[in-house]
Amino acid sequence: MPQNLLDCDLEGLTAWFTELGEKPFRAKQVFHWMHQAGVADFAQMTDIAKSLREKLQLHAVVQAPAISYAHTSSDGTRKWLFDVGVANGIETVFIPEEDRGTLCVSSQVGCALECTFCSTGRQGFNRNLSVAEIIGQLWVANNSLRGEVNRTSGELAERPVTNVVMMGMGEPLANFENVVTALRVMLDDHAYGLSRRRVTVSTSGIVPAMDRLAERCPVALAVSLHAPNDALRDQIVPINRKYPLRELMAACRRYLVHAPRDFITFEYVMLAGVNDQPEHARQLIELTRDVPCKFNLIPFNPFPDSGYEKPRHDTLRIFREILQDASYIVTTRKTRGDDIDAACGQLAGKVADKSGRVMKRLKQEAA
Ligand code: SAH
Ligand code: SF4
C-alpha cells in the first residue's frame, strides 16, 4: 500500500523520507508543495529531482477524501459532503466573513456520545477519521476556494481559510492522536501556518483528554456546556455522568495555564423550556465564577424528530442580559447556511452506524 502523505505531520514525513534513504529537507519541500501549493501530483513538484519524483510515485500518494457534492448557501456559506467509504460521508462547512474565513471540520464519522439535541449524535458512530481525512478537509477547502473572488471584499483570496474550528461531526478529543497530528499540520509554518488562537477544538468535556491536549497541542478551547447543573447536564450531555461539572470546571482552569487565549469559550445550545430560563443563567454565573470565560449562545437548530425547539427571541435576550449584567462577554451565534443544512448540529453526513443506537431507537419508536 502506498503511504498517503496527507497522513503525516512534518516530523512524520521527515521520518518517512529518512526511511526511504532521502534527506530531511526533501520532506519539507514536499510538505510545502502539498499544503501551501495544494499540489497532489508529484510530477508537478518541479524543484524535486526527477528520480525522487518517480520514487515517490511508486511509494506514496497525496489523497484527500473524495467530494460527493459541494453546495453554496445564499449567504455564501459552503458545505461539502466527502465520501469516506462504505456508505459513510462526513461534512465540512466554510463560513466566509468580512475579516476571516472559518472552516468547520469533522473529526469522526458520527459520534459515540449521545447528546440528545445533536443530529450527529442521533446517527450513531462508525469510526474515527484518519489524519488525511481530517487535514484533507482543509486541503480541499483551500484548493476549491483559492483564487475565488472574495464576495465581500472583491479581492482574490490567496489563503481563504484563516480559522479552523473542530466543530463538525464527531468529538475531536475522542479521536485524540489523529486530531493532534492534524492540528500540528494546521499550525506548521511550512504548511498552513495558522496561529494557535485561530484553531479551536470544541469538546463536550472529556476531562483527561483536555489535560493531554494542553500538554501536547494547546489551541483555543471551546467547551460545550449546555447546562448549569449536573442533573440537567446528565440528561442532555450524557458524558457528564462520567465527568461531572466540578471536574470539568477544574479541567478548564488547568487548560488555561497553557491556552493561547486567556479564556475558555462555553458553548450553550438554547433549548426552549429546557435550559433557557433565568434561573439557568444565574446558576451559570455561579458555576463559572472561577473560570475566565466567554459565552457563545447557540439557538437550537432543528432537525426532524428532534423533540426540541429553539427559544423565543425574548427568552434568549433575557438570558443573555443576565450574563452580560454579570460582566460576561456573550455572543449569540448567527445561524449561517441553514438553507443548506450547514448550521451547527445539522450536519448529518452519512453514518453506517456500528453502535447499534439507531436500530435501538427505531425499535423503541416502533413499539
Ligand atoms: N463534539 C464536539 C464538537 C462538535 S459539535 C462538541 O460537542 O463540542 C459543535 C457544537 O454544536 C457543540 O457545541 C454542539 O453542542 C453544538 N450542537 C449540536 N447540535 C446542535 C443543534 N441541533 N443546534 C445547535 N447546536 C448544536
Ligand atoms: Fe457528539 Fe458533540 Fe454531537 Fe455531543 S454535540 S453528540 S459530543 S458531536
# chains A, B, ... in the order shown; residues from 1 in each chain; ligands from 1
$ residues_near_ligand --ligand "ligand 1" --cutoff "7 Å" --atoms "only C-alpha atoms and all ligand atoms" --output "NGL selection string"
:A and (117-119 or 166-172 or 202-204 or 223-224 or 267-269 or 298-303 or 344-346)
$ write_last_selection --atoms "N, CA and C atoms" --output "short mmCIF file (atom, residue, chain, number, x, y, z; two decimals), in the first residue's frame"
data_model
loop_
_atom_site.label_atom_id
_atom_site.label_comp_id
_atom_site.auth_asym_id
_atom_site.auth_seq_id
_atom_site.Cartn_x
_atom_site.Cartn_y
_atom_site.Cartn_z
N PHE A 117 -29.66 16.59 21.71
CA PHE A 117 -30.12 17.65 20.79
C PHE A 117 -29.30 17.69 19.51
N CYS A 118 -28.43 16.69 19.29
CA CYS A 118 -27.45 16.77 18.22
C CYS A 118 -27.75 15.74 17.13
N SER A 119 -27.82 16.24 15.92
CA SER A 119 -28.19 15.36 14.81
C SER A 119 -27.08 14.33 14.52
N MET A 166 -12.92 22.86 15.18
CA MET A 166 -13.22 21.42 15.15
C MET A 166 -14.63 21.26 15.74
N MET A 167 -15.61 21.69 14.96
CA MET A 167 -17.00 21.69 15.43
C MET A 167 -17.92 21.00 14.44
N GLY A 168 -17.36 20.20 13.55
CA GLY A 168 -18.20 19.46 12.62
C GLY A 168 -18.70 18.18 13.28
N MET A 169 -18.75 17.12 12.52
CA MET A 169 -19.25 15.87 13.08
C MET A 169 -18.19 15.25 13.99
N GLY A 170 -18.64 14.71 15.10
CA GLY A 170 -17.74 13.95 15.97
C GLY A 170 -17.19 14.72 17.15
N GLU A 171 -16.62 13.96 18.09
CA GLU A 171 -15.99 14.54 19.27
C GLU A 171 -14.47 14.48 19.05
N PRO A 172 -13.84 15.63 18.79
CA PRO A 172 -12.41 15.60 18.42
C PRO A 172 -11.53 14.94 19.47
N SER A 202 -13.43 22.02 19.88
CA SER A 202 -14.65 22.06 20.67
C SER A 202 -14.88 20.68 21.27
N THR A 203 -15.08 20.63 22.58
CA THR A 203 -15.28 19.33 23.22
C THR A 203 -16.50 19.36 24.13
N SER A 204 -17.10 18.18 24.24
CA SER A 204 -18.23 18.06 25.15
C SER A 204 -17.72 17.84 26.58
N VAL A 223 -15.81 24.68 25.09
CA VAL A 223 -16.40 23.58 25.84
C VAL A 223 -17.92 23.66 25.71
N SER A 224 -18.52 22.55 25.31
CA SER A 224 -19.96 22.51 25.13
C SER A 224 -20.62 22.28 26.48
N GLU A 267 -19.86 26.99 24.98
CA GLU A 267 -20.97 26.95 24.04
C GLU A 267 -22.21 26.50 24.82
N TYR A 268 -23.31 27.11 24.46
CA TYR A 268 -24.54 26.81 25.19
C TYR A 268 -25.70 26.79 24.20
N VAL A 269 -26.14 25.60 23.86
CA VAL A 269 -27.28 25.47 22.94
C VAL A 269 -28.55 25.81 23.70
N ILE A 298 -26.05 29.42 21.38
CA ILE A 298 -26.43 28.90 20.05
C ILE A 298 -27.91 28.53 20.09
N PRO A 299 -28.75 29.32 19.42
CA PRO A 299 -30.16 28.89 19.38
C PRO A 299 -30.21 27.51 18.73
N PHE A 300 -30.98 26.62 19.33
CA PHE A 300 -31.07 25.25 18.82
C PHE A 300 -31.43 25.25 17.33
N ASN A 301 -30.68 24.49 16.56
CA ASN A 301 -31.00 24.32 15.14
C ASN A 301 -31.80 23.04 14.98
N PRO A 302 -33.03 23.17 14.52
CA PRO A 302 -33.90 22.00 14.47
C PRO A 302 -33.50 20.98 13.40
N PHE A 303 -33.83 19.75 13.66
CA PHE A 303 -33.74 18.69 12.64
C PHE A 303 -34.93 17.77 12.88
N CYS A 344 -24.88 24.60 12.86
CA CYS A 344 -24.41 23.75 13.96
C CYS A 344 -25.39 22.65 14.27
N GLY A 345 -24.89 21.45 14.39
CA GLY A 345 -25.75 20.37 14.84
C GLY A 345 -26.68 19.86 13.76
N GLN A 346 -26.59 20.45 12.56
CA GLN A 346 -27.44 19.93 11.48
C GLN A 346 -26.66 19.03 10.55
#
$ residues_around --residues "Gln283 of chain A" --least-positions-apart "2" --cutoff "12 Å" --atoms "only C-alpha atoms" --output "PyMOL selection string"
chain A and resi 226-230+232+275-281+285-289+319+322-323+326
$ closest_residue --among "A:His71, A:Lys50, A:Arg122, A:Arg159" --to "ligand 2" --atoms "only C-alpha atoms and all ligand atoms"
A:Arg122
$ closest_residue --among "A:Phe42, A:Tyr69, A:Trp80, A:Phe125" --to "ligand 2" --atoms "only C-alpha atoms and all ligand atoms"
A:Phe125
$ atom_distance --atom1 "atom CA of Met270 of chain A" --atom2 "atom CA of Pro311 of chain A"
6.4 Å
$ select_by_dssp --residues "segment 47-282 of chain A" --states "alpha helix (DSSP H)" --output "ChimeraX atom specification"
/A:50-59,119-122,131-145,176-187,207-216,230-236,245-256,278-282
$ residues_around --residues "Gly136 of chain A" --least-positions-apart "5" --cutoff "12 Å" --atoms "only C-alpha atoms" --output "count of residues only"
36
$ residues_around --residues "Glu11 of chain A" --least-positions-apart "5" --cutoff "12 Å" --atoms "only C-alpha atoms" --output "list in words"
Leu5, Trp16, Phe17, Thr18, Pro24, Phe25, Ala27, Lys28, Phe31, Thr181, Arg184, Val185, Asp188 and His190 of chain A
$ closest_residue --among "A:Gly110, A:Thr162, A:Asn296, A:Glu309" --to "ligand 2" --atoms "only C-alpha atoms and all ligand atoms"
A:Gly110
$ atom_distance --atom1 "atom CA of Leu284 of chain A" --atom2 "atom CA of Tyr243 of chain A"
17.3 Å
$ select_by_dssp --residues "segment 102-203 of chain A" --states "strand (DSSP E or B)" --output "MDAnalysis selection string"
chainID A and resid 102:104 108:110 125:128 149 156 163:166 199:203
$ decode --residues "segment 69-83 of chain A" --atoms "N, CA, C and O atoms" --output "PDB file, in the first residue's frame"
ATOM      1  N   TYR A  69     -20.464  15.985  -2.930  1.00  0.00           N
ATOM      2  CA  TYR A  69     -21.060  17.197  -3.511  1.00  0.00           C
ATOM      3  C   TYR A  69     -20.606  18.416  -2.746  1.00  0.00           C
ATOM      4  O   TYR A  69     -20.123  18.316  -1.616  1.00  0.00           O
ATOM      5  N   ALA A  70     -20.758  19.580  -3.396  1.00  0.00           N
ATOM      6  CA  ALA A  70     -20.486  20.859  -2.744  1.00  0.00           C
ATOM      7  C   ALA A  70     -21.692  21.757  -2.989  1.00  0.00           C
ATOM      8  O   ALA A  70     -22.236  21.772  -4.085  1.00  0.00           O
ATOM      9  N   HIS A  71     -22.142  22.439  -1.926  1.00  0.00           N
ATOM     10  CA  HIS A  71     -23.286  23.342  -2.048  1.00  0.00           C
ATOM     11  C   HIS A  71     -22.895  24.708  -1.547  1.00  0.00           C
ATOM     12  O   HIS A  71     -22.150  24.807  -0.575  1.00  0.00           O
ATOM     13  N   THR A  72     -23.438  25.746  -2.147  1.00  0.00           N
ATOM     14  CA  THR A  72     -23.210  27.090  -1.620  1.00  0.00           C
ATOM     15  C   THR A  72     -24.543  27.674  -1.196  1.00  0.00           C
ATOM     16  O   THR A  72     -25.520  27.620  -1.941  1.00  0.00           O
ATOM     17  N   SER A  73     -24.581  28.212   0.032  1.00  0.00           N
ATOM     18  CA  SER A  73     -25.805  28.793   0.566  1.00  0.00           C
ATOM     19  C   SER A  73     -25.976  30.210   0.039  1.00  0.00           C
ATOM     20  O   SER A  73     -25.025  30.828  -0.443  1.00  0.00           O
ATOM     21  N   SER A  74     -27.190  30.748   0.172  1.00  0.00           N
ATOM     22  CA  SER A  74     -27.448  32.108  -0.291  1.00  0.00           C
ATOM     23  C   SER A  74     -26.591  33.125   0.468  1.00  0.00           C
ATOM     24  O   SER A  74     -26.327  34.206  -0.030  1.00  0.00           O
ATOM     25  N   ASP A  75     -26.129  32.779   1.687  1.00  0.00           N
ATOM     26  CA  ASP A  75     -25.285  33.736   2.418  1.00  0.00           C
ATOM     27  C   ASP A  75     -23.787  33.472   2.204  1.00  0.00           C
ATOM     28  O   ASP A  75     -22.953  34.048   2.894  1.00  0.00           O
ATOM     29  N   GLY A  76     -23.447  32.628   1.255  1.00  0.00           N
ATOM     30  CA  GLY A  76     -22.032  32.402   0.933  1.00  0.00           C
ATOM     31  C   GLY A  76     -21.422  31.214   1.666  1.00  0.00           C
ATOM     32  O   GLY A  76     -20.330  30.767   1.342  1.00  0.00           O
ATOM     33  N   THR A  77     -22.131  30.700   2.672  1.00  0.00           N
ATOM     34  CA  THR A  77     -21.654  29.518   3.389  1.00  0.00           C
ATOM     35  C   THR A  77     -21.578  28.347   2.400  1.00  0.00           C
ATOM     36  O   THR A  77     -22.440  28.188   1.539  1.00  0.00           O
ATOM     37  N   ARG A  78     -20.528  27.573   2.545  1.00  0.00           N
ATOM     38  CA  ARG A  78     -20.371  26.462   1.617  1.00  0.00           C
ATOM     39  C   ARG A  78     -20.275  25.152   2.390  1.00  0.00           C
ATOM     40  O   ARG A  78     -19.705  25.120   3.483  1.00  0.00           O
ATOM     41  N   LYS A  79     -20.835  24.111   1.840  1.00  0.00           N
ATOM     42  CA  LYS A  79     -20.785  22.819   2.528  1.00  0.00           C
ATOM     43  C   LYS A  79     -20.339  21.738   1.558  1.00  0.00           C
ATOM     44  O   LYS A  79     -20.782  21.707   0.418  1.00  0.00           O
ATOM     45  N   TRP A  80     -19.437  20.894   2.035  1.00  0.00           N
ATOM     46  CA  TRP A  80     -19.016  19.743   1.232  1.00  0.00           C
ATOM     47  C   TRP A  80     -19.440  18.461   1.938  1.00  0.00           C
ATOM     48  O   TRP A  80     -19.341  18.366   3.165  1.00  0.00           O
ATOM     49  N   LEU A  81     -19.871  17.495   1.154  1.00  0.00           N
ATOM     50  CA  LEU A  81     -20.020  16.137   1.691  1.00  0.00           C
ATOM     51  C   LEU A  81     -18.890  15.317   1.093  1.00  0.00           C
ATOM     52  O   LEU A  81     -18.691  15.309  -0.127  1.00  0.00           O
ATOM     53  N   PHE A  82     -18.103  14.678   1.957  1.00  0.00           N
ATOM     54  CA  PHE A  82     -16.996  13.852   1.494  1.00  0.00           C
ATOM     55  C   PHE A  82     -17.354  12.391   1.638  1.00  0.00           C
ATOM     56  O   PHE A  82     -17.940  11.978   2.649  1.00  0.00           O
ATOM     57  N   ASP A  83     -16.945  11.641   0.647  1.00  0.00           N
ATOM     58  CA  ASP A  83     -17.148  10.200   0.676  1.00  0.00           C
ATOM     59  C   ASP A  83     -15.986   9.578   1.459  1.00  0.00           C
ATOM     60  O   ASP A  83     -14.838   9.665   1.035  1.00  0.00           O
TER      61      ASP A  83
END
